[in-house]
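File shown here: work-v5.txt, holding compact mmCIF, C-alpha atoms.
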```
# COMPACT_ATOMS: atom_id res chain seq x y z
CA MET A 1 124.44 -16.49 16.55
CA LYS A 2 122.11 -17.22 13.63
CA LEU A 3 120.59 -14.29 11.82
CA VAL A 4 116.97 -15.35 11.64
CA PRO A 5 114.72 -12.49 10.51
CA GLY A 6 111.91 -11.90 12.95
CA HIS A 7 113.66 -13.87 15.72
CA SER A 8 117.23 -12.55 15.90
CA LEU A 9 117.53 -9.08 17.43
CA ARG A 10 120.83 -8.57 15.60
CA ALA A 11 119.29 -9.57 12.25
CA ARG A 12 116.34 -7.24 12.73
CA LEU A 13 118.53 -4.31 13.76
CA LEU A 14 120.89 -4.87 10.84
CA ALA A 15 118.04 -5.32 8.37
CA PHE A 16 116.19 -2.19 9.49
CA LEU A 17 119.24 0.04 9.88
CA LEU A 18 120.95 -1.08 6.67
CA ALA A 19 117.69 -0.69 4.76
CA ALA A 20 117.26 2.78 6.28
CA ILE A 21 120.82 3.74 5.31
CA PHE A 22 120.31 2.43 1.78
CA LEU A 23 117.00 4.25 1.34
CA ALA A 24 118.41 7.45 2.85
CA ALA A 25 121.43 7.29 0.52
CA LEU A 26 119.13 6.57 -2.43
CA VAL A 27 116.83 9.49 -1.62
CA GLN A 28 119.75 11.81 -0.88
CA GLY A 29 121.45 10.77 -4.11
CA ALA A 30 118.25 11.32 -6.09
CA ILE A 31 117.77 14.74 -4.53
CA ALA A 32 121.40 15.67 -5.16
CA TYR A 33 121.21 14.41 -8.75
CA ARG A 34 118.00 16.31 -9.43
CA GLY A 35 119.40 19.42 -7.79
CA ALA A 36 122.58 19.22 -9.87
CA LEU A 37 120.52 18.97 -13.07
CA VAL A 38 118.40 21.98 -12.11
CA GLN A 39 121.42 24.05 -11.15
CA THR A 40 123.23 23.08 -14.36
CA ASP A 41 120.21 24.16 -16.42
CA GLU A 42 120.18 27.48 -14.60
CA ILE A 43 123.91 27.94 -15.22
CA PHE A 44 123.59 27.19 -18.94
CA ASP A 45 120.51 29.41 -19.24
CA HIS A 46 122.50 32.17 -17.62
CA LEU A 47 125.33 31.53 -20.11
CA LEU A 48 122.90 31.86 -23.03
CA GLN A 49 121.51 35.09 -21.65
CA ARG A 50 124.95 36.51 -20.82
CA THR A 51 126.26 35.67 -24.31
CA ALA A 52 123.30 37.35 -26.02
CA GLU A 53 123.62 40.44 -23.84
CA SER A 54 127.36 40.63 -24.53
CA LEU A 55 126.77 40.45 -28.26
CA GLY A 56 124.14 43.16 -27.95
CA SER A 57 126.74 45.29 -26.17
CA GLY A 58 129.15 44.95 -29.09
CA ASN A 59 131.60 42.39 -27.67
CA PRO A 60 133.44 40.41 -30.37
CA LEU A 61 132.72 36.72 -30.96
CA PHE A 62 136.32 35.72 -31.41
CA SER A 63 139.66 36.91 -30.11
CA THR A 64 140.68 40.38 -31.33
CA GLY A 65 143.05 41.24 -28.51
CA PRO A 66 144.41 40.16 -25.23
CA GLU A 67 140.96 40.01 -23.59
CA GLY A 68 139.65 37.40 -26.08
CA GLY A 69 136.19 36.99 -27.62
CA LEU A 70 133.00 35.35 -26.38
CA LEU A 71 133.54 32.01 -28.13
CA ASP A 72 137.05 31.73 -26.76
CA ASP A 73 135.42 30.74 -23.43
CA PRO A 74 135.37 26.85 -23.31
CA ALA A 75 131.90 26.96 -21.78
CA ALA A 76 130.59 28.90 -24.81
CA ARG A 77 132.12 26.79 -27.59
CA ASP A 78 129.00 24.63 -27.93
CA LEU A 79 126.76 27.64 -28.41
CA ILE A 80 124.97 28.34 -31.70
CA ILE A 81 124.53 32.03 -32.52
CA GLN A 82 122.41 33.75 -35.13
CA ILE A 83 121.94 37.48 -35.65
CA TRP A 84 119.04 38.91 -37.62
CA THR A 85 117.96 42.34 -38.72
CA PRO A 86 114.55 43.54 -37.56
CA ASP A 87 113.21 42.91 -41.06
CA GLY A 88 114.33 39.25 -41.08
CA VAL A 89 117.69 39.36 -42.86
CA ARG A 90 120.24 37.03 -41.28
CA LEU A 91 123.49 38.84 -40.57
CA PHE A 92 125.47 36.05 -38.87
CA ARG A 93 125.32 32.32 -38.26
CA SER A 94 127.97 30.52 -36.18
CA THR A 95 127.15 27.06 -37.59
CA PRO A 96 126.73 26.99 -41.36
CA LYS A 97 125.08 23.58 -41.42
CA LEU A 98 122.40 24.41 -38.86
CA VAL A 99 119.70 26.99 -39.35
CA LEU A 100 117.58 27.86 -36.33
CA PRO A 101 113.94 28.78 -36.93
CA ASP A 102 113.58 32.40 -37.93
CA ARG A 103 110.44 32.74 -35.82
CA VAL A 104 111.66 34.85 -32.99
CA VAL A 105 110.26 34.34 -29.50
CA LEU A 106 111.95 36.73 -27.16
CA GLY A 107 113.33 35.16 -23.99
CA PHE A 108 113.88 31.45 -23.42
CA SER A 109 112.30 28.78 -25.60
CA THR A 110 112.84 25.21 -26.73
CA VAL A 111 112.95 24.55 -30.51
CA GLN A 112 113.38 21.54 -32.80
CA ALA A 113 115.86 21.65 -35.70
CA ASP A 114 117.39 18.83 -37.79
CA GLY A 115 115.95 16.18 -35.45
CA ALA A 116 117.48 17.70 -32.33
CA THR A 117 116.16 19.79 -29.46
CA TYR A 118 117.73 23.14 -28.64
CA ARG A 119 117.42 25.49 -25.73
CA MET A 120 117.39 29.05 -27.17
CA TYR A 121 117.48 32.57 -25.81
CA SER A 122 116.42 35.45 -28.02
CA MET A 123 116.75 39.16 -27.35
CA GLU A 124 116.17 42.35 -29.29
CA ALA A 125 119.13 44.72 -29.50
CA PRO A 126 119.36 48.04 -31.34
CA LEU A 127 119.12 47.31 -35.09
CA GLN A 128 119.33 43.44 -34.64
CA ILE A 129 117.81 40.31 -33.14
CA ILE A 130 120.25 37.97 -31.38
CA GLN A 131 119.58 34.24 -30.95
CA VAL A 132 121.85 32.05 -28.83
CA ALA A 133 121.06 28.32 -28.64
CA GLN A 134 122.55 25.11 -27.27
CA ASP A 135 121.87 21.46 -28.00
CA VAL A 136 119.93 19.97 -25.07
CA ARG A 137 122.02 16.77 -25.34
CA VAL A 138 125.19 18.73 -24.68
CA ARG A 139 123.87 20.40 -21.57
CA THR A 140 122.23 17.15 -20.37
CA GLY A 141 125.50 15.25 -20.71
CA THR A 142 127.40 17.97 -18.90
CA ALA A 143 124.71 18.12 -16.20
CA ARG A 144 124.82 14.36 -15.63
CA THR A 145 128.59 14.44 -15.34
CA LEU A 146 128.38 17.16 -12.70
CA ALA A 147 125.52 15.37 -10.92
CA LEU A 148 127.44 12.09 -10.76
CA ARG A 149 130.40 13.94 -9.29
CA THR A 150 128.02 15.23 -6.63
CA ILE A 151 126.53 11.88 -5.63
CA TRP A 152 129.55 9.62 -5.77
CA PRO A 153 130.69 10.58 -2.22
CA ILE A 154 127.21 9.58 -0.99
CA ALA A 155 127.45 6.24 -2.82
CA ALA A 156 130.92 5.68 -1.38
CA MET A 157 129.93 6.58 2.19
CA ALA A 158 126.80 4.38 2.31
CA PRO A 159 128.68 1.01 2.35
CA LEU A 160 131.19 2.42 4.83
CA LEU A 161 128.35 3.56 7.10
CA MET A 162 126.74 0.11 6.79
CA LEU A 163 129.99 -1.53 7.93
CA VAL A 164 130.19 0.86 10.89
CA VAL A 165 126.57 0.05 11.86
CA TRP A 166 127.26 -3.69 11.61
CA TRP A 167 130.34 -3.33 13.81
CA VAL A 168 128.53 -1.19 16.42
CA ILE A 169 125.59 -3.63 16.63
CA SER A 170 127.92 -6.63 16.93
CA VAL A 171 129.93 -4.98 19.71
CA SER A 172 126.79 -3.76 21.51
CA LEU A 173 125.19 -7.21 21.47
CA GLY A 174 128.41 -8.94 22.50
CA PRO A 175 127.43 -9.07 26.23
CA VAL A 176 124.06 -10.58 25.28
CA ASP A 177 125.79 -13.28 23.25
CA ARG A 178 128.20 -13.87 26.14
CA ALA A 179 125.26 -14.34 28.55
CA ARG A 180 123.65 -16.75 26.08
CA ARG A 181 126.84 -18.83 25.89
CA GLN A 182 127.12 -18.77 29.68
CA VAL A 183 123.62 -20.20 30.07
CA ALA A 184 124.05 -22.70 27.22
CA SER A 185 127.24 -24.15 28.71
CA ARG A 186 125.73 -24.83 32.15
CA GLN A 187 124.97 -28.18 33.66
CA ALA A 188 121.39 -29.01 34.56
CA ASP A 189 122.02 -28.55 38.29
CA ASP A 190 123.86 -25.23 37.95
CA LEU A 191 121.40 -22.58 39.18
CA SER A 192 123.92 -19.85 39.97
CA PRO A 193 123.05 -16.29 38.81
CA VAL A 194 123.87 -15.19 35.27
CA GLY A 195 126.37 -12.32 35.13
CA GLU A 196 124.70 -8.94 34.52
CA ALA A 197 127.88 -6.92 34.03
CA GLY A 198 128.06 -5.05 30.72
CA LEU A 199 124.54 -5.94 29.61
CA PRO A 200 122.48 -3.22 27.87
CA ASP A 201 119.82 -1.49 29.95
CA GLU A 202 117.12 -3.10 27.77
CA VAL A 203 118.38 -6.63 28.49
CA ARG A 204 119.57 -6.31 32.09
CA PRO A 205 116.03 -6.38 33.61
CA LEU A 206 115.32 -9.62 31.73
CA VAL A 207 118.51 -11.25 33.04
CA HIS A 208 117.76 -9.89 36.52
CA GLU A 209 114.32 -11.53 36.48
CA LEU A 210 115.93 -14.72 35.18
CA ASN A 211 118.32 -14.68 38.15
CA LEU A 212 115.38 -14.19 40.52
CA LEU A 213 113.66 -17.16 38.89
CA LEU A 214 116.84 -19.25 39.24
CA GLY A 215 116.95 -18.25 42.90
CA ARG A 216 113.37 -19.41 43.43
CA VAL A 217 114.04 -22.68 41.62
CA ARG A 218 117.20 -23.18 43.70
CA GLN A 219 115.22 -22.52 46.85
CA ALA A 220 112.59 -25.04 45.77
CA PHE A 221 115.24 -27.65 45.02
CA ASP A 222 116.92 -27.03 48.39
CA ALA A 223 113.57 -27.37 50.14
CA GLN A 224 112.91 -30.59 48.26
CA LYS A 225 116.28 -32.03 49.24
CA GLN A 226 115.74 -30.88 52.81
CA PHE A 227 112.32 -32.52 52.84
CA VAL A 228 113.72 -35.80 51.53
CA GLY A 229 116.46 -35.75 54.16
CA ASP A 230 114.07 -34.82 56.94
CA ALA A 231 111.53 -37.45 55.90
CA ALA A 232 114.20 -40.16 55.70
CA HIS A 233 115.53 -39.19 59.12
CA GLU A 234 112.29 -38.63 61.01
CA LEU A 235 110.21 -41.47 59.56
CA ARG A 236 112.78 -44.09 60.47
CA SER A 237 111.83 -44.16 64.16
CA PRO A 238 107.99 -44.11 63.72
CA LEU A 239 108.16 -46.85 61.10
CA ALA A 240 110.39 -48.95 63.34
CA ALA A 241 107.97 -48.41 66.23
CA LEU A 242 105.03 -49.43 64.00
CA LYS A 243 106.87 -52.60 63.07
CA LEU A 244 107.49 -53.43 66.74
CA GLN A 245 103.86 -52.72 67.62
CA LEU A 246 102.73 -54.97 64.78
CA GLN A 247 104.94 -57.75 66.13
CA SER A 248 103.47 -57.21 69.60
CA LEU A 249 100.00 -57.53 68.10
CA ARG A 250 100.94 -60.79 66.45
CA ARG A 251 102.33 -62.17 69.71
CA ALA A 252 99.27 -61.18 71.76
CA GLU A 253 97.91 -64.25 73.54
CA ASP A 254 94.59 -62.89 74.81
CA ASP A 255 92.05 -60.23 73.90
CA ALA A 256 93.21 -57.75 76.53
CA THR A 257 96.80 -57.82 75.32
CA ARG A 258 95.59 -57.69 71.75
CA GLN A 259 93.45 -54.59 72.46
CA VAL A 260 96.39 -52.83 74.07
CA ALA A 261 98.58 -53.64 71.06
CA VAL A 262 95.90 -52.43 68.64
CA ALA A 263 95.55 -49.16 70.57
CA ARG A 264 99.31 -48.64 70.54
CA LEU A 265 99.46 -49.43 66.81
CA ALA A 266 96.63 -46.99 66.08
CA ALA A 267 98.38 -44.27 68.12
CA GLY A 268 101.63 -44.95 66.24
CA ILE A 269 99.84 -44.69 62.90
CA ASP A 270 98.26 -41.40 63.99
CA ARG A 271 101.66 -40.02 65.01
CA ALA A 272 103.24 -41.11 61.70
CA THR A 273 100.34 -39.61 59.76
CA ARG A 274 100.64 -36.34 61.66
CA LEU A 275 104.39 -36.27 61.06
CA VAL A 276 103.95 -36.79 57.31
CA GLU A 277 101.29 -34.07 57.17
CA GLN A 278 103.56 -31.63 58.97
CA LEU A 279 106.51 -32.49 56.75
CA LEU A 280 104.41 -31.88 53.64
CA SER A 281 103.06 -28.62 55.07
CA LEU A 282 106.56 -27.41 55.91
CA ALA A 283 107.85 -28.34 52.46
CA ARG A 284 104.99 -26.48 50.76
CA GLN A 285 105.50 -23.35 52.85
CA GLU A 286 109.24 -23.26 52.28
CA ALA A 287 109.07 -23.98 48.55
CA HIS A 288 106.43 -21.51 47.36
CA GLU A 289 105.80 -17.81 47.70
CA PRO A 290 102.14 -17.31 48.63
CA ALA A 291 99.92 -15.16 46.44
CA LEU A 292 98.95 -12.47 48.93
CA ALA A 293 95.47 -10.96 49.01
CA THR A 294 93.74 -8.72 51.52
CA LEU A 295 91.67 -10.80 53.95
CA ASP A 296 90.17 -10.64 57.44
CA LEU A 297 92.44 -12.33 59.99
CA ALA A 298 89.50 -12.64 62.40
CA ASN A 299 87.77 -15.01 59.96
CA VAL A 300 91.00 -16.98 59.65
CA VAL A 301 91.22 -17.36 63.44
CA ARG A 302 87.58 -18.50 63.61
CA THR A 303 88.23 -21.14 60.94
CA ALA A 304 91.29 -22.47 62.77
CA LEU A 305 89.43 -22.35 66.09
CA ALA A 306 86.62 -24.48 64.66
CA ASP A 307 89.20 -27.08 63.59
CA ILE A 308 90.84 -27.25 67.02
CA LEU A 309 87.71 -27.15 69.24
CA PRO A 310 87.16 -30.94 69.26
CA GLN A 311 90.69 -31.47 70.55
CA ALA A 312 90.24 -28.74 73.19
CA HIS A 313 86.92 -30.19 74.37
CA ALA A 314 88.43 -33.67 74.59
CA ARG A 315 90.98 -32.35 77.11
CA GLY A 316 88.55 -30.01 78.84
CA VAL A 317 90.54 -26.91 77.80
CA ASP A 318 88.61 -23.64 77.95
CA ILE A 319 89.45 -21.74 74.74
CA GLY A 320 88.12 -18.28 73.88
CA MET A 321 88.68 -15.32 71.58
CA GLU A 322 88.58 -11.60 72.34
CA GLY A 323 89.71 -8.29 70.86
CA ALA A 324 89.08 -6.91 67.40
CA THR A 325 86.27 -8.47 65.42
CA SER A 326 87.90 -7.54 62.15
CA ALA A 327 91.57 -7.14 61.18
CA ARG A 328 92.67 -6.76 57.57
CA VAL A 329 96.02 -8.29 56.58
CA ALA A 330 97.74 -9.24 53.33
CA GLY A 331 98.07 -13.00 53.19
CA GLN A 332 97.12 -16.35 51.77
CA ASP A 333 94.05 -17.81 53.45
CA GLU A 334 95.05 -21.48 53.61
CA ALA A 335 98.56 -20.73 54.88
CA LEU A 336 97.32 -18.39 57.62
CA VAL A 337 94.74 -20.95 58.76
CA LEU A 338 97.60 -23.45 59.06
CA LEU A 339 99.66 -20.92 61.08
CA VAL A 340 96.87 -20.20 63.57
CA ARG A 341 95.88 -23.86 63.83
CA ASN A 342 99.45 -24.89 64.72
CA LEU A 343 99.64 -22.20 67.41
CA LEU A 344 96.31 -23.28 68.88
CA GLU A 345 97.21 -26.96 68.66
CA ASN A 346 100.44 -26.36 70.58
CA ALA A 347 98.62 -24.28 73.18
CA VAL A 348 95.91 -26.92 73.69
CA LYS A 349 98.45 -29.75 73.70
CA TYR A 350 100.67 -28.20 76.40
CA ALA A 351 97.88 -26.72 78.51
CA PRO A 352 96.97 -28.90 81.51
CA GLU A 353 93.75 -30.88 81.69
CA SER A 354 90.86 -28.41 82.12
CA GLY A 355 93.35 -25.65 81.34
CA ARG A 356 92.82 -22.38 79.52
CA VAL A 357 93.80 -20.90 76.14
CA ASP A 358 93.07 -17.27 75.20
CA ILE A 359 93.21 -15.74 71.73
CA ARG A 360 93.51 -11.98 71.40
CA LEU A 361 93.42 -10.05 68.15
CA SER A 362 94.24 -6.33 67.96
CA ALA A 363 94.54 -3.95 65.03
CA GLY A 364 96.29 -0.57 65.00
CA PRO A 365 98.21 1.83 62.76
CA GLN A 366 101.35 -0.32 63.08
CA GLY A 367 99.61 -3.48 61.91
CA VAL A 368 97.74 -6.46 63.32
CA THR A 369 98.83 -8.46 66.38
CA LEU A 370 97.72 -12.01 67.19
CA ASP A 371 98.37 -13.35 70.72
CA VAL A 372 97.80 -16.97 71.77
CA ASP A 373 98.17 -17.57 75.55
CA ASP A 374 98.10 -20.81 77.50
CA ASP A 375 98.60 -21.80 81.15
CA GLY A 376 100.95 -24.68 80.42
CA PRO A 377 104.57 -25.15 81.53
CA GLY A 378 105.87 -22.63 79.00
CA ILE A 379 109.34 -22.70 77.37
CA PRO A 380 112.54 -21.69 79.16
CA LEU A 381 113.97 -18.39 77.93
CA VAL A 382 117.22 -19.99 76.73
CA GLU A 383 115.31 -22.38 74.45
CA ARG A 384 112.83 -19.95 72.89
CA GLY A 385 115.15 -19.14 69.99
CA ARG A 386 115.71 -22.81 69.14
CA VAL A 387 112.16 -24.13 69.20
CA PHE A 388 111.60 -22.66 65.70
CA ASP A 389 114.21 -25.09 64.33
CA ARG A 390 112.72 -28.15 62.73
CA PHE A 391 112.54 -31.26 64.91
CA TYR A 392 113.74 -29.41 68.01
CA ARG A 393 111.61 -29.97 71.12
CA ALA A 394 112.03 -28.18 74.43
CA GLN A 395 113.81 -30.25 77.04
CA ALA A 396 111.03 -29.79 79.58
CA ALA A 397 108.31 -30.95 77.19
CA ASP A 398 106.91 -34.36 78.02
CA THR A 399 104.12 -34.31 75.45
CA PRO A 400 104.66 -36.39 72.28
CA GLY A 401 105.37 -34.35 69.17
CA SER A 402 107.57 -34.02 66.11
CA GLY A 403 109.04 -30.57 66.72
CA LEU A 404 107.66 -29.22 63.43
CA GLY A 405 104.70 -27.10 64.53
CA LEU A 406 106.60 -23.90 65.33
CA ALA A 407 108.93 -24.43 62.35
CA ILE A 408 105.83 -24.37 60.12
CA VAL A 409 104.54 -21.25 61.88
CA LYS A 410 107.91 -19.52 61.38
CA ALA A 411 108.04 -20.42 57.67
CA ILE A 412 104.50 -19.08 57.07
CA ALA A 413 105.18 -15.90 59.07
CA ASP A 414 108.38 -15.20 57.11
CA ARG A 415 106.54 -15.52 53.80
CA HIS A 416 103.91 -13.06 55.01
CA HIS A 417 106.55 -10.56 56.19
CA ALA A 418 105.29 -11.10 59.75
CA THR A 419 107.32 -11.53 62.94
CA ILE A 420 106.78 -14.10 65.69
CA GLU A 421 108.08 -14.06 69.26
CA LEU A 422 107.55 -16.16 72.37
CA LEU A 423 106.82 -14.32 75.63
CA ASP A 424 105.65 -15.04 79.13
CA SER A 425 101.87 -15.33 79.30
CA PRO A 426 99.70 -13.58 81.92
CA LEU A 427 98.10 -17.02 82.36
CA GLY A 428 101.42 -18.40 83.61
CA GLY A 429 102.40 -20.32 80.51
CA LEU A 430 103.56 -19.19 77.06
CA ARG A 431 102.38 -16.37 74.82
CA ALA A 432 102.96 -16.72 71.04
CA ARG A 433 102.73 -13.29 69.41
CA VAL A 434 102.54 -12.77 65.65
CA ARG A 435 102.73 -9.24 64.22
CA PHE A 436 101.49 -8.62 60.69
CA PRO A 437 102.36 -5.46 58.75
CA VAL A 438 99.69 -3.01 57.64
CA ALA A 439 97.75 -4.34 54.66
CA PRO A 440 98.31 -2.24 51.50
```
In structure tokens, how does this file's structure come out?
Amino acid sequence: MKLVPGHSLRARLLAFLLAAIFLAALVQGAIAYRGALVQTDEIFDHLLQRTAESLGSGNPLFSTGPEGGLLDDPAARDLIIQIWTPDGVRLFRSTPKLVLPDRVVLGFSTVQADGATYRMYSMEAPLQIIQVAQDVRVRTGTARTLALRTIWPIAAMAPLLMLVVWWVISVSLGPVDRARRQVASRQADDLSPVGEAGLPDEVRPLVHELNLLLGRVRQAFDAQKQFVGDAAHELRSPLAALKLQLQSLRRAEDDATRQVAVARLAAGIDRATRLVEQLLSLARQEAHEPALATLDLANVVRTALADILPQAHARGVDIGMEGATSARVAGQDEALVLLVRNLLENAVKYAPESGRVDIRLSAGPQGVTLDVDDDGPGIPLVERGRVFDRFYRAQAADTPGSGLGLAIVKAIADRHHATIELLDSPLGGLRARVRFPVAP
């Protein structure tokens, strides 16, 4: 996996975390270093004060017995001591070559002497003034040594912590890299789900949505292949019939025979056109999820009824609508119009001449129900489960058709989470009932 800043999650995590560790170590080291310097200054200041107070108490400078003197302490060997009388006469000087200023400022002060800076503590004792000083360079060097000893564990731990962070990120992103390799190694027609096992919670929803998308694409491809197979199978007979009818037209010897052949050819073309339209409608409904919106099913029924009225009038079928004048459902307008139109077309087609078709719409707390009744021959009970299969036509049906109407209705109903059932009609024929869930 390439570490491309701004694009690679691993690179960004490593860059941010390693930079944070480095800055934290730098700040912590600076704080520790500064703290060590301050504490060292306090320790040395305390040493100056303690030495002056000891001298004021009469303790010897050098060893005079088993307890030792002040300057026998290694920490006090760099100290410069001067003792003065109250009237300005110097009684003692520990360093002959260096003379501290005789201007006495009681307490702590910083003085310059022989081009160097000294930290000095002065105190007044009975009959004498005691000055204890130390070269600032000595205490600074000692302080830096102690400070470096304080921060070196931090400097040593920072790279180790960076390695641990790099290892943890690499291991944590391992499942993501594995999923990437799994997708990259696939063939173009492999639409199986990507494994979600072991993926981080932040990545699993993305892979889950990808699997849902692959499922929809697979469903679309399957519908496309099914459509191609269905079209190749079902168009063979109509096209062959059109060819025969065209040959009959060519062989017609008089106008009467020619008119009959033309009528048969026109009817064959209409049937082929209707078959192609139904195949395309079925393919669209099976390949796409409709974008659902709240709409009035009564308006949908009126639109479909207006489309089917010419066909009903041509056969003298009395068609009417009753029940609720408004029924809200969640659906896609064009698809629902197609559903209702196919139900009405079947009812009008199978109703007898001057027959009757009733449409009833009812709305209640359980949802919306659409009933379409006709007084035709109906469908035997044993065949009602099969008529929703594509290209299946009831054995008792003697009306031309492709067997796709109810398959289209079933596909649309499924995509609207509706149910459809075929019942006995009070008119003596068939009742097609569609139940829609309550609109959100």
Could you give me, as a list of chain:residue names, the residues within 7 Å of segment 198-215 of chain A, counting only C-alpha atoms and dropping anything in the same chain fewer than 4 positions from it?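 These residues fall inside the cut-off: A:Pro175, A:Val176, A:Leu191, A:Pro193, A:Val194, A:Gln219.
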Would you list the contacts of segment 240-252 of chain A as a ChimeraX atom specification, taking every protein, DNA or RNA residue within 10 Å and counting only C-alpha atoms, but skipping same-chain residues closer than 5 positions in sequence? /A:235,257-269,272
d(atom CA of Ile31 of chain A, atom CA of Thr145 of chain A) in Å: 15.3 Å
Write out as a PyMOL selection string each polymer residue whose atoms come within 9 Å of Thr150 of chain A, counting all atoms listed in the file; drop sequence neighbours fewer than 6 positions from it. chain A and resi 29+32-33+36
Against segment 296-305 of chain A, which residues of segment 338-358 of chain A fall within 9 Å? For each one I want the closest pair of atoms and the distance in Å (one decimal), counting all atoms listed in the file, rows by chain and increasing residue number, as a Markdown table.
```
| residue | atom | partner | partner_atom | distance |
| --- | --- | --- | --- | --- |
| A:Leu338 | CA | A:Ala304 | CA | 7.4 |
| A:Leu339 | CA | A:Ala304 | CA | 8.7 |
| A:Val340 | CA | A:Ala304 | CA | 6.1 |
| A:Arg341 | CA | A:Ala304 | CA | 4.9 |
| A:Asn342 | CA | A:Ala304 | CA | 8.7 |
| A:Leu344 | CA | A:Leu305 | CA | 7.5 |
```
Please save C-alpha atoms of the selected residues as a tab-separated table (two decimals), in the coordinates of the input.
```
chain	number	residue	atom	x	y	z
A	338	LEU	CA	97.60	-23.45	59.06
A	339	LEU	CA	99.66	-20.92	61.08
A	340	VAL	CA	96.87	-20.20	63.57
A	341	ARG	CA	95.88	-23.86	63.83
A	342	ASN	CA	99.45	-24.89	64.72
A	344	LEU	CA	96.31	-23.28	68.88
```
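Using only C-alpha atoms, the smallest distance between any of A:Ala133, A:Ala432, A:Met162, A:Ala314 and His46 of chain A comes from A:Ala133.
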